[in-house]
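A.B. asks: File structure09.csv below, CSV, C-alpha atoms:
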chain,number,residue,atom,x,y,z
A,5,MET,CA,-43.5,-86.7,153.4
A,6,LEU,CA,-42.0,-89.9,151.9
A,7,ASP,CA,-45.2,-90.6,149.9
A,8,THR,CA,-44.6,-87.5,147.8
A,9,TYR,CA,-41.1,-88.6,146.8
A,10,ILE,CA,-42.3,-92.1,145.9
A,11,TYR,CA,-45.3,-90.7,143.9
A,12,GLN,CA,-43.1,-88.5,141.9
A,13,GLY,CA,-40.7,-91.3,141.2
A,14,ASP,CA,-37.8,-89.5,142.9
A,15,SER,CA,-34.9,-91.3,144.5
A,16,ILE,CA,-35.1,-91.1,148.3
A,17,THR,CA,-31.5,-92.3,148.8
A,18,HIS,CA,-30.3,-88.7,149.2
A,19,LEU,CA,-32.5,-88.4,152.3
A,20,GLU,CA,-30.0,-90.5,154.1
A,21,LEU,CA,-27.6,-87.5,153.8
A,22,LEU,CA,-29.8,-85.3,155.9
A,23,PRO,CA,-28.4,-84.7,159.4
A,24,SER,CA,-29.6,-87.0,162.2
A,25,PRO,CA,-32.1,-87.2,163.8
A,26,ARG,CA,-34.4,-87.3,160.7
A,27,LEU,CA,-38.2,-87.2,160.9
A,28,PHE,CA,-40.4,-88.4,158.0
A,29,ALA,CA,-44.1,-88.6,157.6
A,30,SER,CA,-46.0,-91.3,155.7
A,31,HIS,CA,-49.4,-92.8,155.2
A,32,MET,CA,-48.0,-96.1,153.8
A,33,ALA,CA,-48.8,-99.5,155.3
A,34,LEU,CA,-46.0,-101.1,157.2
A,35,ASN,CA,-45.6,-104.0,154.7
A,36,LEU,CA,-44.8,-101.5,152.0
A,37,PHE,CA,-41.6,-100.4,153.6
A,38,PRO,CA,-38.4,-102.2,152.5
A,39,LYS,CA,-37.0,-104.8,154.8
A,40,SER,CA,-33.9,-102.7,155.2
A,41,VAL,CA,-36.0,-99.9,156.8
A,42,LEU,CA,-37.6,-102.3,159.2
A,43,ALA,CA,-34.3,-103.9,160.1
A,44,SER,CA,-32.6,-100.5,160.7
A,45,GLY,CA,-32.6,-98.6,164.0
A,46,CYS,CA,-35.4,-96.3,162.9
A,47,LYS,CA,-38.5,-96.0,165.0
A,48,PHE,CA,-42.2,-95.7,163.9
A,49,VAL,CA,-44.8,-93.7,165.6
A,50,TYR,CA,-48.3,-94.7,164.3
A,51,ILE,CA,-51.4,-92.7,165.1
A,52,CYS,CA,-54.7,-94.5,164.8
A,53,ARG,CA,-58.2,-92.9,164.8
A,54,ASP,CA,-61.7,-94.1,164.9
A,55,PRO,CA,-62.6,-95.2,161.4
A,56,LYS,CA,-65.8,-93.2,161.3
A,57,ASP,CA,-63.9,-90.0,162.0
A,58,VAL,CA,-61.2,-91.0,159.5
A,59,LEU,CA,-63.9,-91.4,156.8
A,60,ILE,CA,-65.3,-87.9,157.5
A,61,SER,CA,-61.9,-86.3,157.7
A,62,LYS,CA,-60.8,-87.9,154.4
A,63,TRP,CA,-64.0,-87.1,152.6
A,64,HIS,CA,-63.7,-83.4,153.4
A,65,PHE,CA,-60.0,-83.4,152.5
A,66,MET,CA,-60.5,-85.2,149.2
A,67,ASN,CA,-63.1,-82.7,148.1
A,68,LYS,CA,-60.6,-79.9,148.6
A,69,LEU,CA,-58.4,-81.6,146.1
A,70,ILE,CA,-60.9,-82.3,143.4
A,71,ALA,CA,-60.6,-80.2,140.3
A,72,LYS,CA,-63.2,-77.4,140.1
A,73,GLU,CA,-64.6,-78.8,136.9
A,74,LEU,CA,-65.5,-82.1,138.5
A,75,ALA,CA,-68.4,-82.8,140.8
A,76,PRO,CA,-67.7,-83.1,144.5
A,77,LEU,CA,-67.5,-86.6,146.0
A,78,THR,CA,-70.7,-87.2,147.9
A,79,LEU,CA,-70.7,-88.7,151.4
A,80,PRO,CA,-72.5,-91.9,150.3
A,81,GLU,CA,-69.9,-92.4,147.5
A,82,ALA,CA,-67.0,-91.8,149.9
A,83,TYR,CA,-68.7,-94.1,152.5
A,84,GLU,CA,-69.0,-97.1,150.1
A,85,LEU,CA,-65.4,-96.6,148.8
A,86,PHE,CA,-64.1,-96.6,152.4
A,87,CYS,CA,-66.1,-99.7,153.4
A,88,GLN,CA,-64.8,-101.6,150.4
A,89,GLY,CA,-61.2,-100.5,151.0
A,90,VAL,CA,-60.9,-98.5,147.8
A,91,SER,CA,-58.2,-96.2,148.8
A,92,GLU,CA,-54.7,-95.2,147.8
A,93,TYR,CA,-53.5,-96.8,151.0
A,94,GLY,CA,-55.6,-99.8,151.0
A,95,LEU,CA,-58.2,-101.2,153.5
A,96,PHE,CA,-58.2,-99.1,156.7
A,97,TRP,CA,-58.4,-102.0,159.0
A,98,ASP,CA,-55.6,-104.0,157.4
A,99,HIS,CA,-53.4,-100.8,157.6
A,100,VAL,CA,-54.2,-100.4,161.3
A,101,LEU,CA,-53.6,-104.1,162.2
A,102,GLY,CA,-50.3,-104.2,160.4
A,103,TYR,CA,-48.9,-101.5,162.8
A,104,TRP,CA,-50.8,-102.8,165.8
A,105,LYS,CA,-49.4,-106.3,165.6
A,106,ALA,CA,-45.9,-105.0,164.9
A,107,SER,CA,-46.1,-102.8,167.9
A,108,LEU,CA,-46.9,-105.8,170.1
A,109,GLU,CA,-43.9,-107.7,168.6
A,110,SER,CA,-41.5,-104.8,168.7
A,111,PRO,CA,-42.6,-102.2,171.2
A,112,VAL,CA,-39.2,-100.7,171.3
A,113,LYS,CA,-39.4,-99.9,167.6
A,114,ILE,CA,-43.1,-99.1,167.0
A,115,LEU,CA,-45.3,-96.9,169.2
A,116,PHE,CA,-49.0,-97.3,168.5
A,117,LEU,CA,-51.0,-94.2,169.6
A,118,MET,CA,-54.7,-93.5,169.6
A,119,TYR,CA,-55.8,-90.0,168.4
A,120,GLU,CA,-58.5,-90.0,171.0
A,121,ASP,CA,-56.0,-90.7,173.8
A,122,LEU,CA,-53.8,-87.8,172.5
A,123,ASN,CA,-56.9,-85.5,172.9
A,124,ARG,CA,-58.1,-86.9,176.3
A,125,GLU,CA,-54.7,-87.1,178.1
A,126,PRO,CA,-52.2,-85.1,176.0
A,127,SER,CA,-49.6,-84.7,178.7
A,128,VAL,CA,-49.6,-88.5,179.5
A,129,GLN,CA,-49.2,-89.4,175.8
A,130,LEU,CA,-46.5,-86.7,175.2
A,131,LYS,CA,-44.4,-88.2,178.0
A,132,ARG,CA,-44.9,-91.6,176.6
A,133,LEU,CA,-43.8,-90.4,173.2
A,134,ALA,CA,-40.7,-88.7,174.6
A,135,LYS,CA,-39.7,-91.8,176.5
A,136,PHE,CA,-40.2,-94.0,173.4
A,137,MET,CA,-37.9,-91.6,171.4
A,138,GLY,CA,-35.2,-91.9,174.1
A,139,GLN,CA,-35.7,-88.3,175.3
A,140,PRO,CA,-37.8,-88.6,178.5
A,141,PHE,CA,-38.6,-85.4,180.3
A,142,SER,CA,-36.5,-84.8,183.4
A,143,MET,CA,-38.2,-83.7,186.7
A,144,GLU,CA,-36.6,-80.3,186.2
A,145,GLU,CA,-38.1,-79.9,182.7
A,146,GLU,CA,-41.5,-80.9,184.0
A,147,ARG,CA,-41.2,-78.5,186.9
A,148,LYS,CA,-40.4,-75.7,184.5
A,149,GLY,CA,-43.5,-76.4,182.4
A,150,LEU,CA,-41.8,-77.8,179.3
A,151,VAL,CA,-44.6,-80.4,178.8
A,152,GLU,CA,-47.3,-77.8,178.9
A,153,GLU,CA,-45.3,-75.4,176.6
A,154,ILE,CA,-44.9,-78.2,173.9
A,155,LEU,CA,-48.6,-79.0,174.1
A,156,ARG,CA,-49.5,-75.3,173.7
A,157,LEU,CA,-47.2,-75.1,170.6
A,158,CYS,CA,-48.8,-78.2,169.1
A,159,ARG,CA,-52.4,-77.3,169.6
A,160,LEU,CA,-54.4,-77.3,166.4
A,161,GLU,CA,-55.5,-73.7,166.9
A,162,ASN,CA,-51.8,-72.6,167.2
A,163,LEU,CA,-50.5,-74.7,164.2
A,164,SER,CA,-53.4,-73.7,161.9
A,165,ASN,CA,-52.7,-70.0,162.6
A,166,LEU,CA,-49.0,-70.1,161.8
A,167,GLU,CA,-48.2,-68.1,158.7
A,168,VAL,CA,-46.7,-71.1,156.9
A,169,ASN,CA,-50.0,-73.0,157.3
A,170,LYS,CA,-52.2,-70.1,156.4
A,171,ALA,CA,-50.4,-69.2,153.2
A,172,GLY,CA,-47.9,-72.1,152.4
A,173,ILE,CA,-48.4,-74.8,149.8
A,174,GLN,CA,-47.2,-78.4,149.2
A,175,HIS,CA,-46.0,-79.4,145.7
A,176,CYS,CA,-47.0,-83.0,145.6
A,177,SER,CA,-46.7,-83.2,141.8
A,178,ASP,CA,-46.8,-81.0,138.7
A,179,GLN,CA,-50.6,-81.5,138.7
A,180,LEU,CA,-51.2,-81.5,142.4
A,181,VAL,CA,-50.5,-78.5,144.7
A,182,ILE,CA,-52.1,-78.5,148.2
A,183,ALA,CA,-52.6,-75.5,150.3
A,184,ASN,CA,-51.3,-76.1,153.8
A,185,ARG,CA,-54.5,-74.8,155.3
A,186,HIS,CA,-56.3,-77.8,153.9
A,187,PHE,CA,-54.5,-80.0,156.3
A,188,PHE,CA,-56.4,-78.4,159.2
A,189,ARG,CA,-60.1,-78.7,159.9
A,190,LYS,CA,-61.8,-79.5,163.3
A,191,GLY,CA,-59.6,-82.2,164.8
A,192,GLN,CA,-62.7,-83.1,166.7
A,193,ILE,CA,-63.5,-86.5,168.2
A,194,GLY,CA,-67.0,-87.8,167.2
A,195,ASP,CA,-67.6,-85.4,164.3
A,196,TRP,CA,-69.0,-88.4,162.4
A,197,GLU,CA,-72.2,-87.9,164.4
A,198,ASN,CA,-72.8,-84.8,162.4
A,199,HIS,CA,-72.7,-86.7,159.1
A,200,LEU,CA,-73.4,-90.4,159.3
A,201,THR,CA,-76.8,-92.0,159.7
A,202,GLU,CA,-77.4,-94.6,162.4
A,203,GLU,CA,-77.4,-97.3,159.7
A,204,MET,CA,-74.0,-96.1,158.3
A,205,LYS,CA,-72.6,-96.0,161.8
A,206,ASP,CA,-73.7,-99.5,162.7
A,207,ARG,CA,-72.3,-101.0,159.4
A,208,LEU,CA,-68.9,-99.4,160.0
A,209,ASP,CA,-68.9,-100.6,163.6
A,210,ARG,CA,-69.7,-104.1,162.5
A,211,ILE,CA,-66.9,-104.1,160.0
A,212,THR,CA,-64.5,-102.8,162.6
A,213,GLU,CA,-65.5,-105.5,165.1
A,214,GLN,CA,-65.2,-108.2,162.6
A,215,LYS,CA,-61.8,-107.0,161.2
A,216,LEU,CA,-60.2,-106.5,164.7
A,217,LYS,CA,-61.7,-109.6,166.3
A,218,GLY,CA,-59.0,-111.5,168.3
A,219,SER,CA,-56.4,-108.7,167.9
A,220,GLY,CA,-56.8,-107.2,171.3
A,221,LEU,CA,-57.3,-103.8,169.7
A,222,THR,CA,-60.5,-101.8,170.2
A,223,LEU,CA,-61.3,-98.5,168.7
A,224,ASP,CA,-63.4,-96.7,171.3
A,225,ALA,CA,-63.9,-93.1,170.2
A,226,SER,CA,-66.8,-91.8,172.2
A,227,PRO,CA,-67.1,-88.0,171.7
A,228,LEU,CA,-65.6,-85.8,174.4
A,229,GLN,CA,-68.1,-84.5,177.0
Could I get this structure in the form of structure tokens?
C.D. replies:
Amino acid sequence: MLDTYIYQGDSITHLELLPSPRLFASHMALNLFPKSVLASGCKFVYICRDPKDVLISKWHFMNKLIAKELAPLTLPEAYELFCQGVSEYGLFWDHVLGYWKASLESPVKILFLMYEDLNREPSVQLKRLAKFMGQPFSMEEERKGLVEEILRLCRLENLSNLEVNKAGIQHCSDQLVIANRHFFRKGQIGDWENHLTEEMKDRLDRITEQKLKGSGLTLDASPLQ
């Protein structure tokens, strides 16, 4: 997680010494990466999700990190902060549009994926990801069920039950230690319906429509039936 190194003020130059291929995770906006990174041969895989579900997921996650002596963050508070773009990673819609526009300009370097598509058609999106990474599945691999096996290994139920995710921890800083289990919750499309009022939902949808107008991107996240 590059964000952790940057937060701690550590140098990330030594990461270049890791054997290739290297895989890093980050929540940073595209314009925060140095030009040298964007000009290199690295590839970005960006996963976008309906903002209403992003809000609910982040609200639950942040409350797991709040010190016990502090009051939990209420949903109305989290909602207002999200709508105003008060976040460690900036306004959600600007973040999404940065990667979306770059993926249109450089589809060979940036793959833009929708979380909802990954859930609705996982095998299609996995094949798309493999091709983007230059490692497409062969007909023989597909015949042997490799796609299905990878999907089985990557299911939320399987990952959340791995020992490292049930008992492991992440040292983000001297003050912040996160249990790996906190990174897993429902992974459900449309969970916002269990939390947001119709008024809250409509306001977020209006903001989304306004921010994405003219971009060609739509965030359709109808719950799975």
A.B. asks: Could you please determine the separation between atom CA of A:Leu34 and atom CA of A:Leu163 in Å, to one decimal place?
C.D. replies: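 Taking atom CA of A:Leu34 as the start and atom CA of A:Leu163 as the end point, the length is 27.7 Å.
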A.B. asks: Between atom CA of A:Gln88 and atom CA of A:Glu213, what is the distance, to one decimal in Å?
C.D. replies: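 So the two atoms, atom CA of A:Gln88 and atom CA of A:Glu213, lie 15.2 Å apart.
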A.B. asks: Could you check how far atom CA of A:Leu74 sits from atom CA of A:Phe187, in Å to one decimal?
C.D. replies: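 Rounded to one decimal, the two atoms are 21.0 Å apart.
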A.B. asks: Show me a table, sorted first by chain and then by increasing residue number, of the residues of stretch 76-184 of chain A having an atom at most 9 Å from stretch 36-48 of chain A, each with its shortest atom pair and the distance in Å to one decimal, counting all atoms listed in the file and written as a Markdown table.
C.D. replies:
| residue | atom | partner | partner_atom | distance |
| --- | --- | --- | --- | --- |
| A:Tyr103 | CA | A:Phe48 | CA | 8.9 |
| A:Val112 | CA | A:Lys47 | CA | 7.9 |
| A:Lys113 | CA | A:Lys47 | CA | 4.8 |
| A:Ile114 | CA | A:Phe48 | CA | 4.7 |
| A:Leu115 | CA | A:Phe48 | CA | 6.3 |
| A:Phe116 | CA | A:Phe48 | CA | 8.4 |
| A:Phe136 | CA | A:Lys47 | CA | 8.8 |
| A:Met137 | CA | A:Lys47 | CA | 7.8 |
A.B. asks: Here is a test: counting only C-alpha atoms, which residue of A:Leu223, A:Val151, A:Cys158, A:Asp121 is nearest to A:Ala134?
C.D. replies: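 Closest to A:Ala134 of all the choices is A:Val151.
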A.B. asks: Please list as a PyMOL selection string every residue within 12 Å of stretch 194-204 of chain A, counting all atoms listed in the file and excluding residues in the same chain fewer than 4 positions away.
C.D. replies: chain A and resi 53-64+78-80+82-84+86-87+119-120+123+189-190+208-211+224-229
A.B. asks: Around (-44.6, -81.6, 181.3), as given in the file, which residues come within 10 Å? Count only C-alpha atoms and list them as a VMD selection string.
C.D. replies: chain A and resid 126 to 128 130 to 131 141 to 155
A.B. asks: Those selected residues, please, written with C-alpha atoms and delivered as a PDB file, keeping the file's coordinate frame.
C.D. replies:
ATOM      1  CA  PRO A 126     -52.200 -85.100 176.000  1.00  0.00           C
ATOM      2  CA  SER A 127     -49.600 -84.700 178.700  1.00  0.00           C
ATOM      3  CA  VAL A 128     -49.600 -88.500 179.500  1.00  0.00           C
ATOM      4  CA  LEU A 130     -46.500 -86.700 175.200  1.00  0.00           C
ATOM      5  CA  LYS A 131     -44.400 -88.200 178.000  1.00  0.00           C
ATOM      6  CA  PHE A 141     -38.600 -85.400 180.300  1.00  0.00           C
ATOM      7  CA  SER A 142     -36.500 -84.800 183.400  1.00  0.00           C
ATOM      8  CA  MET A 143     -38.200 -83.700 186.700  1.00  0.00           C
ATOM      9  CA  GLU A 144     -36.600 -80.300 186.200  1.00  0.00           C
ATOM     10  CA  GLU A 145     -38.100 -79.900 182.700  1.00  0.00           C
ATOM     11  CA  GLU A 146     -41.500 -80.900 184.000  1.00  0.00           C
ATOM     12  CA  ARG A 147     -41.200 -78.500 186.900  1.00  0.00           C
ATOM     13  CA  LYS A 148     -40.400 -75.700 184.500  1.00  0.00           C
ATOM     14  CA  GLY A 149     -43.500 -76.400 182.400  1.00  0.00           C
ATOM     15  CA  LEU A 150     -41.800 -77.800 179.300  1.00  0.00           C
ATOM     16  CA  VAL A 151     -44.600 -80.400 178.800  1.00  0.00           C
ATOM     17  CA  GLU A 152     -47.300 -77.800 178.900  1.00  0.00           C
ATOM     18  CA  GLU A 153     -45.300 -75.400 176.600  1.00  0.00           C
ATOM     19  CA  ILE A 154     -44.900 -78.200 173.900  1.00  0.00           C
ATOM     20  CA  LEU A 155     -48.600 -79.000 174.100  1.00  0.00           C
TER      21      LEU A 155
END
A.B. asks: Which one is closest to A:Ser91: A:Ala33, A:Val49, A:Leu117, A:Leu133? Count all atoms listed in the file.
C.D. replies: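 Between A:Ala33, A:Val49, A:Leu117, A:Leu133, the residue approaching A:Ser91 most closely is A:Ala33.
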